[in-house]
$ cat work_29.cif   # mmCIF, C-alpha atoms (C1' of nucleotides)
data_protein
loop_
_atom_site.label_atom_id
_atom_site.label_comp_id
_atom_site.auth_asym_id
_atom_site.auth_seq_id
_atom_site.Cartn_x
_atom_site.Cartn_y
_atom_site.Cartn_z
CA MET A 79 -11.42 -1.93 42.72
CA ALA A 80 -10.81 -5.21 44.34
CA ALA A 81 -7.26 -5.29 45.62
CA ALA A 82 -6.05 -1.83 46.35
CA THR A 83 -2.88 -1.99 48.34
CA ARG A 84 -0.55 -4.43 46.76
CA SER A 85 3.16 -4.72 47.29
CA PRO A 86 3.36 -6.10 50.79
CA SER A 87 6.63 -4.33 51.38
CA HIS A 88 5.01 -0.91 51.18
CA ALA A 89 1.96 -2.14 52.96
CA GLN A 90 3.90 -2.54 56.15
CA ASP A 91 5.46 0.80 55.44
CA HIS A 92 2.08 2.40 55.47
CA ILE A 93 1.03 0.91 58.77
CA LEU A 94 4.34 2.02 60.21
CA ALA A 95 3.93 5.58 59.03
CA GLU A 96 0.45 5.73 60.39
CA ARG A 97 1.71 4.38 63.69
CA LYS A 98 4.29 7.12 63.81
CA ARG A 99 1.71 9.77 63.03
CA ARG A 100 -0.47 8.58 65.88
CA GLU A 101 2.46 8.64 68.21
CA LYS A 102 3.21 12.23 67.27
CA LEU A 103 -0.38 13.20 67.86
CA SER A 104 -0.47 11.50 71.22
CA GLN A 105 2.71 13.26 72.17
CA ARG A 106 1.29 16.63 71.25
CA PHE A 107 -1.83 15.85 73.22
CA ILE A 108 0.24 15.10 76.27
CA ALA A 109 2.27 18.25 75.78
CA LEU A 110 -0.85 20.33 75.40
CA SER A 111 -2.48 18.88 78.46
CA SER A 112 0.67 19.57 80.44
CA ILE A 113 0.55 23.30 79.88
CA VAL A 114 -3.16 23.75 80.41
CA PRO A 115 -3.76 24.20 84.12
CA GLY A 116 -6.64 22.73 86.04
CA LEU A 117 -7.27 19.71 83.90
CA LYS A 118 -9.49 17.16 85.49
CA LYS A 119 -10.32 14.86 82.61
CA MET A 120 -7.48 13.67 80.45
CA ASP A 121 -9.79 12.85 77.57
CA LYS A 122 -8.67 13.98 74.17
CA ALA A 123 -11.95 15.79 73.76
CA SER A 124 -11.72 17.34 77.19
CA VAL A 125 -8.12 18.35 76.63
CA LEU A 126 -9.07 20.06 73.41
CA GLY A 127 -12.12 21.69 74.94
CA ASP A 128 -10.33 22.95 78.00
CA ALA A 129 -7.44 24.13 75.86
CA ILE A 130 -9.84 26.13 73.73
CA LYS A 131 -11.49 27.62 76.75
CA TYR A 132 -8.11 28.35 78.28
CA VAL A 133 -6.80 30.08 75.17
CA LYS A 134 -9.87 32.26 75.00
CA HIS A 135 -9.41 33.10 78.65
CA LEU A 136 -5.78 34.04 78.10
CA GLN A 137 -6.62 36.21 75.12
CA GLU A 138 -9.27 38.05 77.06
CA LYS A 139 -6.94 38.56 79.97
CA ILE A 140 -4.23 39.91 77.71
CA LYS A 141 -6.64 42.33 76.16
CA GLN A 142 -7.64 43.62 79.56
CA LEU A 143 -4.05 43.92 80.74
CA GLU A 144 -3.03 45.80 77.64
CA GLU A 145 -5.89 48.22 78.07
CA GLN A 146 -4.86 48.73 81.66
CA THR A 147 -1.27 49.52 80.81
CA LYS A 148 -2.33 51.82 78.03
CA LYS A 149 -4.63 53.71 80.35
CA ARG A 150 -2.04 53.88 83.08
CA THR A 151 0.59 55.35 80.86
CA VAL A 152 -1.76 57.90 79.45
CA GLU A 153 -3.14 58.67 82.83
CA SER A 154 0.14 59.81 84.30
CA VAL A 155 1.05 62.25 81.62
CA VAL A 156 -1.39 64.92 82.53
CA LEU A 157 0.96 67.34 84.13
CA VAL A 158 2.41 69.65 81.61
CA LYS A 159 2.94 69.19 77.95
CA ARG A 160 4.60 66.65 75.91
CA TYR A 161 8.30 66.83 75.85
CA HIS A 162 9.57 67.84 72.48
CA LEU A 163 13.16 66.94 71.82
CA PRO A 164 14.71 68.91 69.02
CA ALA A 165 15.93 67.29 65.85
CA ASP A 166 12.89 65.19 65.44
CA ASP A 167 10.74 65.27 62.41
CA ASP A 168 7.18 66.30 62.83
CA SER A 169 4.98 63.91 61.02
CA ASN A 170 1.28 63.57 60.80
CA SER A 171 1.40 60.25 62.63
CA SER A 172 -2.15 59.20 62.36
CA SER A 173 -1.32 55.67 61.47
CA ASN A 174 -3.95 53.19 62.33
CA ASP A 175 -1.80 50.15 62.60
CA ASP A 176 -3.12 47.64 64.95
CA ASP A 177 -0.85 46.07 67.44
CA ASP A 178 1.87 43.64 66.89
CA SER A 179 2.65 41.17 69.55
CA LYS A 180 5.16 43.40 71.22
CA SER A 181 4.09 46.96 71.50
CA ASN A 182 6.65 49.22 73.00
CA VAL A 183 5.30 50.95 76.04
CA GLU A 184 6.36 54.51 75.75
CA LYS A 185 6.57 56.56 78.84
CA ALA A 186 6.24 60.23 78.44
CA PRO A 187 8.29 62.16 80.95
CA GLU A 188 6.42 64.27 83.42
CA ILE A 189 7.54 67.83 83.42
CA GLU A 190 6.51 70.39 85.94
CA ALA A 191 7.58 74.02 85.93
CA ARG A 192 6.91 76.91 88.21
CA ALA A 193 8.28 80.40 88.47
CA SER A 194 8.79 82.90 91.22
CA GLU A 195 10.31 86.26 90.44
CA ARG A 196 13.45 85.52 88.54
CA ASP A 197 13.64 81.90 89.63
CA VAL A 198 12.32 79.02 87.63
CA MET A 199 11.99 75.50 88.89
CA ILE A 200 11.84 72.60 86.52
CA ARG A 201 11.14 69.12 87.67
CA ILE A 202 11.36 66.17 85.35
CA HIS A 203 10.34 62.62 86.14
CA CYS A 204 11.49 60.39 83.33
CA GLU A 205 13.14 57.16 82.32
CA LYS A 206 16.75 56.68 83.19
CA GLN A 207 18.79 57.17 80.05
CA PRO A 208 22.43 57.98 79.57
CA GLY A 209 22.97 61.59 78.73
CA VAL A 210 19.47 62.69 79.55
CA LEU A 211 20.68 65.08 82.23
CA ALA A 212 23.16 66.81 79.94
CA LYS A 213 20.56 67.02 77.26
CA VAL A 214 18.08 68.59 79.60
CA LEU A 215 20.61 71.00 81.01
CA THR A 216 21.77 72.22 77.64
CA GLU A 217 18.17 72.49 76.60
CA VAL A 218 17.41 74.63 79.62
CA GLU A 219 20.49 76.77 79.21
CA SER A 220 19.74 77.35 75.57
CA LEU A 221 16.80 79.34 76.78
CA HIS A 222 17.16 82.49 78.79
CA LEU A 223 18.03 80.52 81.89
CA SER A 224 21.16 80.14 83.92
CA ILE A 225 21.15 77.10 86.12
CA VAL A 226 21.52 77.81 89.81
CA ASN A 227 21.02 74.36 91.27
CA SER A 228 20.32 70.90 90.01
CA SER A 229 19.71 67.51 91.54
CA VAL A 230 19.31 64.07 90.05
CA MET A 231 17.91 61.22 92.06
CA PRO A 232 17.48 57.64 90.97
CA PHE A 233 14.11 56.30 91.91
CA GLY A 234 13.08 52.73 91.45
CA ASN A 235 14.79 50.65 88.85
CA SER A 236 14.70 52.82 85.82
CA THR A 237 13.41 56.22 86.76
CA LEU A 238 15.13 59.52 87.31
CA ASP A 239 13.87 62.56 89.13
CA ILE A 240 15.60 65.71 88.02
CA THR A 241 15.06 69.00 89.78
CA ILE A 242 16.53 72.17 88.38
CA VAL A 243 16.41 75.72 89.64
CA ALA A 244 17.45 78.40 87.21
CA GLN A 245 17.28 82.13 86.89
CA VAL A 246 16.15 84.15 83.97
CA THR A 247 18.88 86.20 82.33
CA ASN A 248 17.49 89.22 80.67
CA MET B 1413 -11.93 -14.43 74.28
CA ALA B 1414 -13.20 -15.57 70.99
CA ALA B 1415 -16.36 -13.61 70.33
CA ALA B 1416 -16.10 -10.18 71.80
CA THR B 1417 -18.91 -8.15 70.42
CA ARG B 1418 -22.12 -10.01 70.82
CA SER B 1419 -25.56 -8.68 70.28
CA PRO B 1420 -25.48 -7.40 66.70
CA SER B 1421 -27.95 -4.72 67.60
CA HIS B 1422 -25.47 -3.03 69.89
CA ALA B 1423 -22.70 -3.55 67.40
CA GLN B 1424 -24.06 -0.85 65.17
CA ASP B 1425 -24.54 1.22 68.25
CA HIS B 1426 -20.86 1.04 68.91
CA ILE B 1427 -19.82 2.17 65.47
CA LEU B 1428 -22.30 5.00 65.75
CA ALA B 1429 -21.01 6.15 69.06
CA GLU B 1430 -17.47 6.05 67.80
CA ARG B 1431 -18.50 8.06 64.78
CA LYS B 1432 -20.03 10.67 67.02
CA ARG B 1433 -16.93 10.81 69.13
CA ARG B 1434 -14.78 11.46 66.08
CA GLU B 1435 -17.11 14.17 64.98
CA LYS B 1436 -16.80 15.85 68.33
CA LEU B 1437 -13.04 15.67 68.17
CA SER B 1438 -12.96 17.09 64.67
CA GLN B 1439 -15.22 19.88 65.76
CA ARG B 1440 -12.93 20.75 68.63
CA PHE B 1441 -9.97 20.68 66.30
CA ILE B 1442 -11.66 23.15 64.03
CA ALA B 1443 -12.60 25.35 66.94
CA LEU B 1444 -9.07 25.28 68.26
CA SER B 1445 -7.55 26.10 64.91
CA SER B 1446 -9.95 29.00 64.55
CA ILE B 1447 -8.72 30.79 67.64
CA VAL B 1448 -5.02 30.24 67.06
CA PRO B 1449 -3.74 33.02 64.84
CA GLY B 1450 -1.23 32.58 62.08
CA LEU B 1451 -1.93 29.00 61.22
CA LYS B 1452 -0.47 27.91 57.97
CA LYS B 1453 -0.89 24.16 58.05
CA MET B 1454 -4.22 22.81 59.08
CA ASP B 1455 -2.80 19.45 60.05
CA LYS B 1456 -4.04 18.05 63.28
CA ALA B 1457 -0.47 17.72 64.41
CA SER B 1458 0.37 21.23 63.29
CA VAL B 1459 -2.72 22.62 64.93
CA LEU B 1460 -1.78 20.98 68.18
CA GLY B 1461 1.83 22.08 67.91
CA ASP B 1462 1.04 25.67 67.07
CA ALA B 1463 -1.61 25.75 69.75
CA ILE B 1464 0.96 24.61 72.29
CA LYS B 1465 3.44 27.20 71.14
CA TYR B 1466 0.75 29.84 71.14
CA VAL B 1467 -0.39 29.02 74.66
CA LYS B 1468 3.16 29.25 75.92
CA HIS B 1469 3.54 32.59 74.19
CA LEU B 1470 0.34 33.89 75.74
CA GLN B 1471 1.38 32.75 79.20
CA GLU B 1472 4.73 34.48 78.87
CA LYS B 1473 3.12 37.65 77.64
CA ILE B 1474 0.65 37.65 80.49
CA LYS B 1475 3.44 37.26 82.97
CA GLN B 1476 5.24 40.26 81.51
CA LEU B 1477 2.12 42.38 81.39
CA GLU B 1478 1.24 41.55 84.96
CA GLU B 1479 4.68 42.63 86.10
CA GLN B 1480 4.30 45.85 84.19
CA THR B 1481 0.89 46.61 85.60
CA LYS B 1482 2.12 45.81 89.07
CA LYS B 1483 4.86 48.37 88.76
CA ARG B 1484 2.63 50.86 87.04
CA THR B 1485 -0.12 50.58 89.57
CA VAL B 1486 2.17 51.11 92.49
CA GLU B 1487 3.93 53.90 90.73
CA SER B 1488 0.88 56.01 90.32
CA VAL B 1489 1.16 59.43 91.73
CA VAL B 1490 -0.74 60.12 94.84
CA LEU B 1491 -1.24 63.70 95.64
CA VAL B 1492 -1.35 64.01 99.35
CA LYS B 1493 -4.05 66.26 100.53
CA ARG B 1494 -3.65 68.94 103.03
CA TYR B 1495 -1.05 67.71 105.40
CA HIS B 1496 -1.29 69.29 108.76
CA LEU B 1497 2.08 69.53 110.32
CA PRO B 1498 2.02 69.30 114.05
CA ALA B 1499 2.93 72.94 114.05
CA ASP B 1500 0.72 74.78 116.44
CA ASP B 1501 -0.07 78.03 114.84
CA ASP B 1502 -3.35 79.60 115.54
CA SER B 1503 -3.95 81.61 112.50
CA ASN B 1504 -4.89 85.16 112.96
CA SER B 1505 -6.38 85.09 109.63
CA SER B 1506 -7.65 87.74 107.39
CA SER B 1507 -7.54 90.84 109.47
CA ASN B 1508 -4.65 93.06 108.77
CA ASP B 1509 -2.98 92.03 105.65
CA ASP B 1510 0.22 93.78 105.04
CA ASP B 1511 0.54 95.31 101.71
CA ASP B 1512 1.53 92.40 99.61
CA SER B 1513 2.59 93.23 96.16
CA LYS B 1514 0.89 90.21 94.83
CA SER B 1515 -1.83 87.91 95.78
CA ASN B 1516 -1.02 85.40 98.43
CA VAL B 1517 0.45 82.24 97.06
CA GLU B 1518 -0.87 79.16 98.73
CA LYS B 1519 0.97 78.78 101.97
CA ALA B 1520 0.02 75.20 102.64
CA PRO B 1521 2.94 72.94 101.79
CA GLU B 1522 2.49 70.84 98.72
CA ILE B 1523 3.36 67.25 99.32
CA GLU B 1524 3.61 64.67 96.61
CA ALA B 1525 4.45 61.03 97.13
CA ARG B 1526 4.94 58.18 94.78
CA ALA B 1527 6.17 54.64 95.19
CA SER B 1528 7.84 52.08 92.99
CA GLU B 1529 8.82 48.72 94.39
CA ARG B 1530 10.59 49.46 97.63
CA ASP B 1531 11.36 53.05 96.75
CA VAL B 1532 9.28 55.95 97.93
CA MET B 1533 9.70 59.47 96.71
CA ILE B 1534 8.49 62.39 98.74
CA ARG B 1535 8.55 65.89 97.43
CA ILE B 1536 7.67 68.87 99.54
CA HIS B 1537 7.29 72.40 98.39
CA CYS B 1538 6.94 74.67 101.37
CA GLU B 1539 7.93 77.84 103.06
CA LYS B 1540 11.49 78.29 104.11
CA GLN B 1541 11.69 77.82 107.86
CA PRO B 1542 14.63 76.96 110.07
CA GLY B 1543 14.63 73.34 111.06
CA VAL B 1544 11.99 72.27 108.61
CA LEU B 1545 14.28 69.84 106.88
CA ALA B 1546 15.26 68.07 110.07
CA LYS B 1547 11.64 67.92 111.09
CA VAL B 1548 10.63 66.38 107.83
CA LEU B 1549 13.48 63.90 107.85
CA THR B 1550 12.79 62.69 111.34
CA GLU B 1551 9.14 62.49 110.49
CA VAL B 1552 9.91 60.34 107.48
CA GLU B 1553 12.34 58.14 109.34
CA SER B 1554 9.88 57.61 112.12
CA LEU B 1555 7.86 55.68 109.61
CA HIS B 1556 9.07 52.47 107.99
CA LEU B 1557 11.37 54.41 105.75
CA SER B 1558 15.12 54.68 105.51
CA ILE B 1559 16.27 57.70 103.62
CA VAL B 1560 18.40 56.99 100.60
CA ASN B 1561 18.77 60.42 99.10
CA SER B 1562 17.62 63.92 99.86
CA SER B 1563 17.93 67.29 98.26
CA VAL B 1564 16.95 70.74 99.36
CA MET B 1565 16.78 73.61 96.96
CA PRO B 1566 15.96 77.20 97.69
CA PHE B 1567 13.55 78.61 95.25
CA GLY B 1568 12.55 82.20 95.15
CA ASN B 1569 12.87 84.24 98.27
CA SER B 1570 11.17 82.14 100.84
CA THR B 1571 10.40 78.77 99.39
CA LEU B 1572 12.08 75.41 99.75
CA ASP B 1573 11.80 72.39 97.51
CA ILE B 1574 12.69 69.20 99.32
CA THR B 1575 12.99 65.91 97.48
CA ILE B 1576 13.51 62.70 99.40
CA VAL B 1577 13.94 59.14 98.19
CA ALA B 1578 13.55 56.46 100.83
CA GLN B 1579 13.15 52.74 101.01
CA VAL B 1580 10.63 50.83 102.99
CA THR B 1581 12.18 48.77 105.75
CA ASN B 1582 10.09 45.79 106.55
"C1'" DC C 1383 3.13 6.97 40.86
"C1'" DT C 1384 4.43 7.85 45.58
"C1'" DC C 1385 3.62 10.46 50.03
"C1'" DC C 1386 0.58 12.21 53.34
"C1'" DA C 1387 -3.20 12.96 56.06
"C1'" DC C 1388 -7.65 11.57 57.15
"C1'" DA C 1389 -11.88 8.83 58.54
"C1'" DC C 1390 -13.59 4.55 59.12
"C1'" DG C 1391 -14.80 0.14 61.50
"C1'" DT C 1392 -13.26 -2.84 65.14
"C1'" DG C 1393 -11.28 -5.19 69.27
"C1'" DA C 1394 -9.66 -4.16 73.82
"C1'" DT C 1395 -9.83 -1.82 78.16
"C1'" DT C 1396 -11.63 0.79 81.86
"C1'" DC C 1397 -15.03 2.58 85.25
"C1'" DT D 1091 -23.40 -5.02 82.32
"C1'" DG D 1092 -23.28 -0.74 79.34
"C1'" DA D 1093 -21.07 3.36 78.16
"C1'" DA D 1094 -17.16 5.62 76.80
"C1'" DT D 1095 -12.46 6.00 75.34
"C1'" DC D 1096 -8.44 4.44 73.00
"C1'" DA D 1097 -5.07 2.43 69.48
"C1'" DC D 1098 -4.83 -0.20 65.63
"C1'" DG D 1099 -4.88 -1.52 60.64
"C1'" DT D 1100 -6.87 -0.28 56.37
"C1'" DG D 1101 -9.03 2.13 52.33
"C1'" DT D 1102 -9.15 6.47 49.97
"C1'" DG D 1103 -8.28 10.87 48.00
"C1'" DG D 1104 -5.54 14.91 47.22
"C1'" DA D 1105 -0.70 17.05 46.31
#

$ encode --input "work_29.cif" --output "structure tokens"
Amino acid sequence: MAAATRSPSHAQDHILAERKRREKLSQRFIALSSIVPGLKKMDKASVLGDAIKYVKHLQEKIKQLEEQTKKRTVESVVLVKRYHLPADDDSNSSSNDDDDSKSNVEKAPEIEARASERDVMIRIHCEKQPGVLAKVLTEVESLHLSIVNSSVMPFGNSTLDITIVAQVTN
Amino acid sequence: MAAATRSPSHAQDHILAERKRREKLSQRFIALSSIVPGLKKMDKASVLGDAIKYVKHLQEKIKQLEEQTKKRTVESVVLVKRYHLPADDDSNSSSNDDDDSKSNVEKAPEIEARASERDVMIRIHCEKQPGVLAKVLTEVESLHLSIVNSSVMPFGNSTLDITIVAQVTN
DNA sequence: CTCCACACGTGATTC
DNA sequence: TGAATCACGTGTGGA
């Protein structure tokens, strides 16, 4: 009850440890205040408060941006159907997993087709991948089509625009 | 120097104020730790450290998402409406239609344009006419565009599909 | 029993 | 002069 902390050697140890703890905290406070923009008051309370407000703001912004990108990607896939590569398992795929931090943004290729007499035109706007042209061509030829003309154009950083004209072989 | 805190009435006031300040800080700490996901240690130091790390992560993510949306937004397809070429044809419409085997396909040229970064893609689906390519190219070049790639494909009997990739020259 | 983290009261400093 | 903030040393309680 009376004398709690004896052993003067460890007493000084305690005060030293506590001093170190405070220093660490102060350091973290400084670090936190350095990455939060628009800080007017450097109070500990203000730093914490503004940091909280800032984090909430960032979270909200991220949510909005992710919705935007999701909508955008879905919005530009309206043209034809979904592209079905062979050799892929068909699964139910109604998984309701919520997001992880990094969600892969999948871009569905836009495919447009039109026919006139014996000619068929296929236009594909997709991501630039090695071997995609050959894959598409073989895919097309595997049908009743003989390719008459084809053109591949790079567009932007990572996009390809493939135009194919083929004729039906009956 | 000697006696600092006079007025014993205000002495208790001081300790009270300090107590309130601590309470506010603790409250903020709790609030901060509640919005930072994946917290294992509830240490003040750990809360601060993880909050710092989390804020940095959010900032980085926002930067990436904003870049993505920028590209996506610009890349959206814009279907150009009826483009009236400076061709001066007074249409003798409707009167004597020759016996077409099929219904009249739309004669107005379809023009589609999309942009990504500095690249602009223009696709024209129109009737096959002599000199139409040169006309289109000069038309495009007369704008702020330098042509990077172009392709012309015949399609069907009397249709042309022109694809042009150009870059804005500012 | 030894660490570790916390809250407390208190003196000093600043506006 | 107050009011408000800070760092310090210390006691205490939980792993």

$ resolve_selection --input "work_29.cif" --expression "the PyMOL selection byres ((chain D and resi 1095) around 9)" --output "PyMOL selection string"
(chain A and resi 121-122) or (chain C and resi 1395-1396) or (chain D and resi 1094+1096)

$ residues_around --input "work_29.cif" --residues "Gln207 in chain A" --least-positions-apart "3" --cutoff "9 Å" --atoms "all atoms listed in the file" --output "PDB file with C-alpha atoms, keeping the file's coordinate frame"
ATOM      1  CA  CYS A 204      11.490  60.390  83.330  1.00  0.00           C
ATOM      2  CA  VAL A 210      19.470  62.690  79.550  1.00  0.00           C
ATOM      3  CA  LEU A 211      20.680  65.080  82.230  1.00  0.00           C
ATOM      4  CA  SER A 236      14.700  52.820  85.820  1.00  0.00           C
ATOM      5  CA  THR A 237      13.410  56.220  86.760  1.00  0.00           C
ATOM      6  CA  LEU A 238      15.130  59.520  87.310  1.00  0.00           C
TER       7      LEU A 238
END

$ resolve_selection --input "work_29.cif" --expression "the PyMOL selection byres ((chain B) within 12 of (chain D))" --output "list of chain:residue names"
B:His1422, B:Asp1425, B:His1426, B:Ala1429, B:Glu1430, B:Lys1432, B:Arg1433, B:Arg1434

$ closest_residue --input "work_29.cif" --among "A:Ala212, A:Leu117, A:Val226, A:Gln90" --to "chain B" --atoms "only C-alpha atoms"
A:Val226

$ closest_residue --input "work_29.cif" --among "A:Gly127, A:Gly234, A:Pro208, A:Pro115" --to "Arg1526 in chain B" --atoms "all atoms listed in the file"
A:Gly234

$ resolve_selection --input "work_29.cif" --expression "the PyMOL selection byres ((chain A) within 8 of (chain B))" --output "PyMOL selection string"
chain A and resi 102-103+106-107+109-110+113+122-123+126-127+129-130+133-134+136-137+139-140+143-144+146-147+150-151+154+194-199+227+229+231+233-234+243

$ residues_around --input "work_29.cif" --residues "Asn1582 in chain B" --least-positions-apart "5" --cutoff "12 Å" --atoms "only C-alpha atoms (C1' of nucleotides)" --output "mmCIF file with C-alpha atoms, in the coordinates of the input"
data_model
loop_
_atom_site.group_PDB
_atom_site.id
_atom_site.type_symbol
_atom_site.label_atom_id
_atom_site.label_comp_id
_atom_site.auth_asym_id
_atom_site.auth_seq_id
_atom_site.Cartn_x
_atom_site.Cartn_y
_atom_site.Cartn_z
ATOM 1 C CA ARG B 1530 10.590 49.460 97.630
ATOM 2 C CA LEU B 1555 7.860 55.680 109.610
ATOM 3 C CA HIS B 1556 9.070 52.470 107.990
ATOM 4 C CA LEU B 1557 11.370 54.410 105.750
ATOM 5 C CA SER B 1558 15.120 54.680 105.510
#

$ atom_distance --input "work_29.cif" --atom1 "C1' of DT1384 in chain C" --atom2 "CA of Met1454 in chain B"
21.9 Å

$ interface_residues --input "work_29.cif" --of "chain C" --to "chain B" --cutoff "8 Å" --atoms "all atoms listed in the file" --output "list in words"
DA1387, DG1391 and DG1393 of chain C

$ axis_aligned_box --input "work_29.cif" --around "range 1387-1390 of chain C" --padding-each-side "5 Å" --output "lines of an AutoDock Vina configuration file"
center_x = -8.4
center_y = 8.8
center_z = 57.6
size_x = 20.4
size_y = 18.4
size_z = 13.1
